[in-house]
Amino acid sequence: MPFQPIDAKRLYEQVADQIGDMIRSGEFQPGQRLPAERDLAKLLGVSRPVVREAMIALEIAGLLEVRTGSGAYVLKAPNGQFGISAGHSPTDILNARMIVEGEVAALAAEHASARDLKAAADAIARMTADHDAGRPWNAADLAFHVAVAYASGNAVLAMVVERLWQEQYGPVFALLSERAHLPDNWSATLKGHEGILEAIRRRDARAARGAMRAHLSQVLAVVTAEVSDGAGRAEKPDRRRAPAGA
């Protein structure tokens, strides 16, 4: 069967399902190399980041092996009806965060109390201490974003922000972040957080919105860039870890 254009939500899952069905039907055999990422994107009518997310989902499902510098190879055909769900698209999550948290930061600039500002500053200080001590700093990263959300004066927005951040624990996001070395994005993350807090302190809603969107846009650029693990073979994801740097 020929490739079919993708035109609905959760694109990476539909791409993964379509490729999985082609493997099951025998169009791709175990050991066969899939077309290059750019070619798949053109054939399916989607972006390369969507194809990359689909490849990771298929890898997590045990159907593909991604070999750095060589491509993606079929491992086996799925048994029975194929379908995959490995969390929301990392691109969708970060785009949603840009929309929501940009407005949250603008509201925080208008409503933040001295206590709110201290909570956000304390989160940055804790994140820095954790990083400098070689400890995971994702909890403090989350604390900063939640503190900004509470500073908006709307506790519901704080819950929404936390839920969006927690979506980064999904298998596809976790492995994609690992491949992109997102935890190494420390300097940009720290600078982004400091810029957001400074704009909120100045009561500049427009600057706070822009700073938050710029911070998350930079994270998105890191996650969606072409990356490799440098070892010639994809590493297995550690589903217990959350990505840092967002």
# chains A, B, ... in the order shown; residues from 1 in each chain; ligands from 1
$ select_by_dssp --residues "range 40-194 of chain A" --states "strand (DSSP E)" --output "compact mmCIF listing (two decimals) with N, CA and C atoms, in the first residue's frame"
# COMPACT_ATOMS: atom_id res chain seq x y z
N LEU A 64 11.65 -0.88 15.75
CA LEU A 64 12.76 -0.30 14.99
C LEU A 64 14.01 -0.22 15.84
N GLU A 65 15.14 -0.20 15.17
CA GLU A 65 16.42 0.13 15.78
C GLU A 65 16.98 1.32 15.01
N VAL A 66 17.28 2.38 15.74
CA VAL A 66 17.84 3.57 15.11
C VAL A 66 19.36 3.53 15.27
N ARG A 67 20.06 3.50 14.14
CA ARG A 67 21.52 3.45 14.14
C ARG A 67 22.04 4.81 13.70
N GLY A 71 20.57 5.13 9.93
CA GLY A 71 19.12 5.18 9.71
C GLY A 71 18.35 4.29 10.65
N ALA A 72 17.07 4.09 10.35
CA ALA A 72 16.18 3.27 11.16
C ALA A 72 15.94 1.94 10.45
N TYR A 73 16.10 0.84 11.19
CA TYR A 73 15.98 -0.50 10.63
C TYR A 73 14.86 -1.27 11.34
N VAL A 74 14.13 -2.04 10.56
CA VAL A 74 13.02 -2.82 11.09
C VAL A 74 13.56 -3.98 11.92
$ residues_around --residues "Ser217 in chain A" --least-positions-apart "3" --cutoff "10 Å" --atoms "only C-alpha atoms" --output "ChimeraX atom specification"
/A:94-95,97-98,211-214,220-223,246
$ closest_residue --among "A:Leu63, A:Val100, A:Leu43, A:Met127" --to "Gln29 in chain A" --atoms "only C-alpha atoms"
A:Leu63
$ residues_around --residues "Thr224 in chain A" --least-positions-apart "6" --cutoff "12 Å" --atoms "only C-alpha atoms" --output "PyMOL selection string"
chain A and resi 47-53+89-92+94-95+173+176-182+217-218
$ write_last_selection --atoms "N, CA and C atoms" --output "CSV table (one decimal), in the first residue's frame"
chain,number,residue,atom,x,y,z
A,47,SER,N,6.0,17.3,9.0
A,47,SER,CA,7.4,17.9,9.3
A,47,SER,C,8.3,16.8,9.7
A,48,ARG,N,9.6,17.1,9.6
A,48,ARG,CA,10.6,16.1,10.1
A,48,ARG,C,10.6,15.9,11.6
A,49,PRO,N,10.3,16.9,12.4
A,49,PRO,CA,10.1,16.6,13.8
A,49,PRO,C,9.0,15.5,14.1
A,50,VAL,N,7.9,15.6,13.3
A,50,VAL,CA,6.8,14.6,13.5
A,50,VAL,C,7.3,13.2,13.2
A,51,VAL,N,8.1,13.1,12.1
A,51,VAL,CA,8.7,11.8,11.7
A,51,VAL,C,9.6,11.3,12.8
A,52,ARG,N,10.4,12.2,13.3
A,52,ARG,CA,11.4,11.9,14.3
A,52,ARG,C,10.7,11.3,15.6
A,53,GLU,N,9.6,12.0,16.0
A,53,GLU,CA,8.8,11.5,17.1
A,53,GLU,C,8.2,10.1,16.8
A,89,SER,N,2.7,14.5,21.7
A,89,SER,CA,3.9,15.0,20.9
A,89,SER,C,4.7,16.1,21.7
A,90,PRO,N,6.0,15.9,21.8
A,90,PRO,CA,6.8,16.9,22.5
A,90,PRO,C,6.6,18.3,21.8
A,91,THR,N,6.5,18.3,20.5
A,91,THR,CA,6.3,19.6,19.8
A,91,THR,C,5.0,20.2,20.3
A,92,ASP,N,3.9,19.4,20.3
A,92,ASP,CA,2.6,19.9,20.8
A,92,ASP,C,2.6,20.4,22.2
A,94,LEU,N,5.2,21.6,24.0
A,94,LEU,CA,6.0,22.8,24.1
A,94,LEU,C,5.2,24.0,23.4
A,95,ASN,N,4.6,23.8,22.3
A,95,ASN,CA,3.8,24.8,21.7
A,95,ASN,C,2.6,25.2,22.6
A,173,PHE,N,8.8,12.0,24.8
A,173,PHE,CA,9.5,13.3,25.2
A,173,PHE,C,10.8,12.9,25.9
A,176,LEU,N,13.4,11.7,23.4
A,176,LEU,CA,13.8,12.7,22.5
A,176,LEU,C,14.7,13.8,23.2
A,177,SER,N,14.3,14.1,24.5
A,177,SER,CA,15.1,15.0,25.3
A,177,SER,C,16.5,14.4,25.6
A,178,GLU,N,16.6,13.1,25.8
A,178,GLU,CA,17.9,12.5,26.1
A,178,GLU,C,18.7,12.6,24.8
A,179,ARG,N,18.2,12.3,23.7
A,179,ARG,CA,18.9,12.4,22.4
A,179,ARG,C,19.4,13.8,22.1
A,180,ALA,N,18.6,14.8,22.5
A,180,ALA,CA,18.9,16.2,22.3
A,180,ALA,C,19.8,16.7,23.4
A,181,HIS,N,20.1,15.9,24.4
A,181,HIS,CA,20.9,16.4,25.5
A,181,HIS,C,20.3,17.6,26.2
A,182,LEU,N,19.0,17.6,26.4
A,182,LEU,CA,18.3,18.7,26.9
A,182,LEU,C,18.8,19.1,28.3
A,217,SER,N,10.5,28.6,23.4
A,217,SER,CA,10.9,28.4,22.0
A,217,SER,C,12.3,27.9,21.9
A,218,GLN,N,13.2,28.3,22.7
A,218,GLN,CA,14.5,27.8,22.7
A,218,GLN,C,14.6,26.4,23.1
$ closest_atom_pairs --of "range 164-230 of chain A" --to "range 113-122 of chain A" --cutoff "10 Å" --atoms "only C-alpha atoms" --output "Markdown table"
| residue | atom | partner | partner_atom | distance |
| --- | --- | --- | --- | --- |
| A:His193 | CA | A:Ala120 | CA | 9.0 |
| A:Glu194 | CA | A:Ala121 | CA | 8.4 |
| A:Ile196 | CA | A:Ala120 | CA | 9.8 |
| A:Leu197 | CA | A:Ala120 | CA | 7.2 |
| A:Glu198 | CA | A:Leu117 | CA | 9.6 |
| A:Ile200 | CA | A:Leu117 | CA | 8.1 |
| A:Arg201 | CA | A:Leu117 | CA | 7.2 |
$ write_last_selection --atoms "C-alpha atoms" --output "compact mmCIF listing (two decimals), in the first residue's frame"
# COMPACT_ATOMS: atom_id res chain seq x y z
CA HIS A 193 14.29 31.97 33.90
CA GLU A 194 16.18 35.03 35.08
CA ILE A 196 11.26 36.02 32.92
CA LEU A 197 11.60 36.91 36.60
CA GLU A 198 13.20 40.27 35.83
CA ILE A 200 7.77 40.23 36.12
CA ARG A 201 9.61 42.31 38.72
$ decode --residues "range 35-171 of chain A" --atoms "C-alpha atoms" --output "PDB file, in the first residue's frame"
ATOM      1  CA  PRO A  35      13.518   5.682   3.902  1.00  0.00           C
ATOM      2  CA  ALA A  36      15.450   8.682   5.214  1.00  0.00           C
ATOM      3  CA  GLU A  37      13.662  11.025   7.613  1.00  0.00           C
ATOM      4  CA  ARG A  38      13.429  13.824   5.043  1.00  0.00           C
ATOM      5  CA  ASP A  39      11.972  11.451   2.472  1.00  0.00           C
ATOM      6  CA  LEU A  40       9.392  10.085   4.900  1.00  0.00           C
ATOM      7  CA  ALA A  41       8.379  13.631   5.825  1.00  0.00           C
ATOM      8  CA  LYS A  42       7.814  14.456   2.152  1.00  0.00           C
ATOM      9  CA  LEU A  43       5.919  11.226   1.432  1.00  0.00           C
ATOM     10  CA  LEU A  44       3.662  11.629   4.468  1.00  0.00           C
ATOM     11  CA  GLY A  45       3.145  15.372   4.164  1.00  0.00           C
ATOM     12  CA  VAL A  46       4.370  16.122   7.700  1.00  0.00           C
ATOM     13  CA  SER A  47       7.363  17.868   9.251  1.00  0.00           C
ATOM     14  CA  ARG A  48      10.634  16.147  10.053  1.00  0.00           C
ATOM     15  CA  PRO A  49      10.119  16.566  13.835  1.00  0.00           C
ATOM     16  CA  VAL A  50       6.836  14.621  13.513  1.00  0.00           C
ATOM     17  CA  VAL A  51       8.659  11.807  11.691  1.00  0.00           C
ATOM     18  CA  ARG A  52      11.392  11.864  14.343  1.00  0.00           C
ATOM     19  CA  GLU A  53       8.794  11.508  17.108  1.00  0.00           C
ATOM     20  CA  ALA A  54       7.196   8.600  15.236  1.00  0.00           C
ATOM     21  CA  MET A  55      10.555   6.847  14.869  1.00  0.00           C
ATOM     22  CA  ILE A  56      11.123   7.145  18.608  1.00  0.00           C
ATOM     23  CA  ALA A  57       7.649   5.754  19.327  1.00  0.00           C
ATOM     24  CA  LEU A  58       8.329   2.781  17.047  1.00  0.00           C
ATOM     25  CA  GLU A  59      11.692   2.275  18.709  1.00  0.00           C
ATOM     26  CA  ILE A  60      10.076   2.272  22.154  1.00  0.00           C
ATOM     27  CA  ALA A  61       7.570  -0.290  20.841  1.00  0.00           C
ATOM     28  CA  GLY A  62      10.498  -2.498  19.833  1.00  0.00           C
ATOM     29  CA  LEU A  63       9.780  -2.384  16.102  1.00  0.00           C
ATOM     30  CA  LEU A  64      12.757  -0.300  14.988  1.00  0.00           C
ATOM     31  CA  GLU A  65      16.421   0.128  15.780  1.00  0.00           C
ATOM     32  CA  VAL A  66      17.844   3.575  15.111  1.00  0.00           C
ATOM     33  CA  ARG A  67      21.522   3.454  14.145  1.00  0.00           C
ATOM     34  CA  THR A  68      23.268   6.795  14.311  1.00  0.00           C
ATOM     35  CA  GLY A  69      24.552   7.885  10.935  1.00  0.00           C
ATOM     36  CA  SER A  70      22.874   4.953   9.209  1.00  0.00           C
ATOM     37  CA  GLY A  71      19.125   5.183   9.709  1.00  0.00           C
ATOM     38  CA  ALA A  72      16.180   3.270  11.158  1.00  0.00           C
ATOM     39  CA  TYR A  73      15.981  -0.503  10.634  1.00  0.00           C
ATOM     40  CA  VAL A  74      13.019  -2.824  11.090  1.00  0.00           C
ATOM     41  CA  LEU A  75      13.385  -5.300  13.951  1.00  0.00           C
ATOM     42  CA  LYS A  76      10.131  -7.232  13.717  1.00  0.00           C
ATOM     43  CA  ALA A  77       6.541  -7.098  12.546  1.00  0.00           C
ATOM     44  CA  PRO A  78       3.847  -6.283  15.136  1.00  0.00           C
ATOM     45  CA  ASN A  79       1.499  -9.046  16.202  1.00  0.00           C
ATOM     46  CA  GLY A  80      -2.212  -8.448  15.562  1.00  0.00           C
ATOM     47  CA  GLN A  81      -3.735  -5.002  15.109  1.00  0.00           C
ATOM     48  CA  PHE A  82      -1.066  -2.344  15.453  1.00  0.00           C
ATOM     49  CA  GLY A  83      -1.498   0.860  17.398  1.00  0.00           C
ATOM     50  CA  ILE A  84       0.802   2.947  19.533  1.00  0.00           C
ATOM     51  CA  SER A  85       0.414   5.599  22.211  1.00  0.00           C
ATOM     52  CA  ALA A  86       3.536   6.900  23.908  1.00  0.00           C
ATOM     53  CA  GLY A  87       2.395  10.260  25.222  1.00  0.00           C
ATOM     54  CA  HIS A  88       1.630  13.582  23.624  1.00  0.00           C
ATOM     55  CA  SER A  89       3.870  15.002  20.937  1.00  0.00           C
ATOM     56  CA  PRO A  90       6.812  16.926  22.462  1.00  0.00           C
ATOM     57  CA  THR A  91       6.283  19.613  19.821  1.00  0.00           C
ATOM     58  CA  ASP A  92       2.604  19.930  20.762  1.00  0.00           C
ATOM     59  CA  ILE A  93       3.424  20.062  24.476  1.00  0.00           C
ATOM     60  CA  LEU A  94       5.965  22.849  24.104  1.00  0.00           C
ATOM     61  CA  ASN A  95       3.765  24.836  21.710  1.00  0.00           C
ATOM     62  CA  ALA A  96       0.898  24.551  24.198  1.00  0.00           C
ATOM     63  CA  ARG A  97       3.187  25.701  26.980  1.00  0.00           C
ATOM     64  CA  MET A  98       4.249  28.724  24.936  1.00  0.00           C
ATOM     65  CA  ILE A  99       0.627  29.765  24.521  1.00  0.00           C
ATOM     66  CA  VAL A 100      -0.461  29.122  28.112  1.00  0.00           C
ATOM     67  CA  GLU A 101       2.650  30.129  30.010  1.00  0.00           C
ATOM     68  CA  GLY A 102       3.242  33.211  27.912  1.00  0.00           C
ATOM     69  CA  GLU A 103      -0.103  34.609  29.069  1.00  0.00           C
ATOM     70  CA  VAL A 104       0.505  33.331  32.602  1.00  0.00           C
ATOM     71  CA  ALA A 105       3.761  35.286  32.773  1.00  0.00           C
ATOM     72  CA  ALA A 106       2.012  38.420  31.518  1.00  0.00           C
ATOM     73  CA  LEU A 107      -0.605  38.059  34.255  1.00  0.00           C
ATOM     74  CA  ALA A 108       2.132  37.453  36.810  1.00  0.00           C
ATOM     75  CA  ALA A 109       3.717  40.770  35.866  1.00  0.00           C
ATOM     76  CA  GLU A 110       0.434  42.468  36.724  1.00  0.00           C
ATOM     77  CA  HIS A 111      -0.459  40.569  39.907  1.00  0.00           C
ATOM     78  CA  ALA A 112       2.682  39.127  41.524  1.00  0.00           C
ATOM     79  CA  SER A 113       3.128  39.855  45.225  1.00  0.00           C
ATOM     80  CA  ALA A 114       6.460  40.139  47.015  1.00  0.00           C
ATOM     81  CA  ARG A 115       5.900  36.602  48.277  1.00  0.00           C
ATOM     82  CA  ASP A 116       5.331  35.344  44.717  1.00  0.00           C
ATOM     83  CA  LEU A 117       8.517  36.994  43.520  1.00  0.00           C
ATOM     84  CA  LYS A 118      10.471  35.411  46.368  1.00  0.00           C
ATOM     85  CA  ALA A 119       9.062  31.965  45.541  1.00  0.00           C
ATOM     86  CA  ALA A 120      10.196  32.276  41.925  1.00  0.00           C
ATOM     87  CA  ALA A 121      13.632  33.589  42.961  1.00  0.00           C
ATOM     88  CA  ASP A 122      14.005  30.780  45.496  1.00  0.00           C
ATOM     89  CA  ALA A 123      13.213  28.227  42.801  1.00  0.00           C
ATOM     90  CA  ILE A 124      15.972  29.642  40.586  1.00  0.00           C
ATOM     91  CA  ALA A 125      18.402  29.562  43.524  1.00  0.00           C
ATOM     92  CA  ARG A 126      17.476  25.945  44.310  1.00  0.00           C
ATOM     93  CA  MET A 127      17.798  24.973  40.661  1.00  0.00           C
ATOM     94  CA  THR A 128      21.278  26.541  40.561  1.00  0.00           C
ATOM     95  CA  ALA A 129      22.341  24.800  43.773  1.00  0.00           C
ATOM     96  CA  ASP A 130      21.125  21.438  42.466  1.00  0.00           C
ATOM     97  CA  HIS A 131      22.919  21.919  39.160  1.00  0.00           C
ATOM     98  CA  ASP A 132      26.180  22.995  40.793  1.00  0.00           C
ATOM     99  CA  ALA A 133      26.040  20.010  43.157  1.00  0.00           C
ATOM    100  CA  GLY A 134      25.492  17.617  40.253  1.00  0.00           C
ATOM    101  CA  ARG A 135      21.951  16.783  41.344  1.00  0.00           C
ATOM    102  CA  PRO A 136      18.864  16.597  39.083  1.00  0.00           C
ATOM    103  CA  TRP A 137      17.339  20.064  38.901  1.00  0.00           C
ATOM    104  CA  ASN A 138      14.044  19.302  37.157  1.00  0.00           C
ATOM    105  CA  ALA A 139      12.030  19.621  40.409  1.00  0.00           C
ATOM    106  CA  ALA A 140      13.297  23.163  40.961  1.00  0.00           C
ATOM    107  CA  ASP A 141      12.686  23.915  37.285  1.00  0.00           C
ATOM    108  CA  LEU A 142       9.055  22.902  37.736  1.00  0.00           C
ATOM    109  CA  ALA A 143       8.848  24.906  40.960  1.00  0.00           C
ATOM    110  CA  PHE A 144       9.832  28.059  39.067  1.00  0.00           C
ATOM    111  CA  HIS A 145       7.145  27.646  36.423  1.00  0.00           C
ATOM    112  CA  VAL A 146       4.499  26.838  39.043  1.00  0.00           C
ATOM    113  CA  ALA A 147       5.578  29.854  41.126  1.00  0.00           C
ATOM    114  CA  VAL A 148       5.103  32.111  38.092  1.00  0.00           C
ATOM    115  CA  ALA A 149       1.691  30.561  37.519  1.00  0.00           C
ATOM    116  CA  TYR A 150       0.603  31.163  41.116  1.00  0.00           C
ATOM    117  CA  ALA A 151       1.840  34.746  40.737  1.00  0.00           C
ATOM    118  CA  SER A 152      -0.815  35.199  38.045  1.00  0.00           C
ATOM    119  CA  GLY A 153      -3.414  35.087  40.812  1.00  0.00           C
ATOM    120  CA  ASN A 154      -5.214  32.105  39.278  1.00  0.00           C
ATOM    121  CA  ALA A 155      -4.648  28.769  41.032  1.00  0.00           C
ATOM    122  CA  VAL A 156      -6.305  26.887  38.154  1.00  0.00           C
ATOM    123  CA  LEU A 157      -3.612  28.148  35.798  1.00  0.00           C
ATOM    124  CA  ALA A 158      -1.008  26.798  38.216  1.00  0.00           C
ATOM    125  CA  MET A 159      -2.593  23.350  37.922  1.00  0.00           C
ATOM    126  CA  VAL A 160      -2.622  23.616  34.122  1.00  0.00           C
ATOM    127  CA  VAL A 161       1.043  24.632  34.020  1.00  0.00           C
ATOM    128  CA  GLU A 162       2.044  21.748  36.285  1.00  0.00           C
ATOM    129  CA  ARG A 163       0.060  19.263  34.210  1.00  0.00           C
ATOM    130  CA  LEU A 164       1.693  20.446  30.983  1.00  0.00           C
ATOM    131  CA  TRP A 165       5.129  20.207  32.557  1.00  0.00           C
ATOM    132  CA  GLN A 166       4.415  16.683  33.811  1.00  0.00           C
ATOM    133  CA  GLU A 167       3.577  15.627  30.253  1.00  0.00           C
ATOM    134  CA  GLN A 168       7.332  15.724  29.666  1.00  0.00           C
ATOM    135  CA  TYR A 169       7.568  12.439  31.579  1.00  0.00           C
ATOM    136  CA  GLY A 170       6.057  10.687  28.529  1.00  0.00           C
ATOM    137  CA  PRO A 171       8.329   8.090  26.864  1.00  0.00           C
TER     138      PRO A 171
END
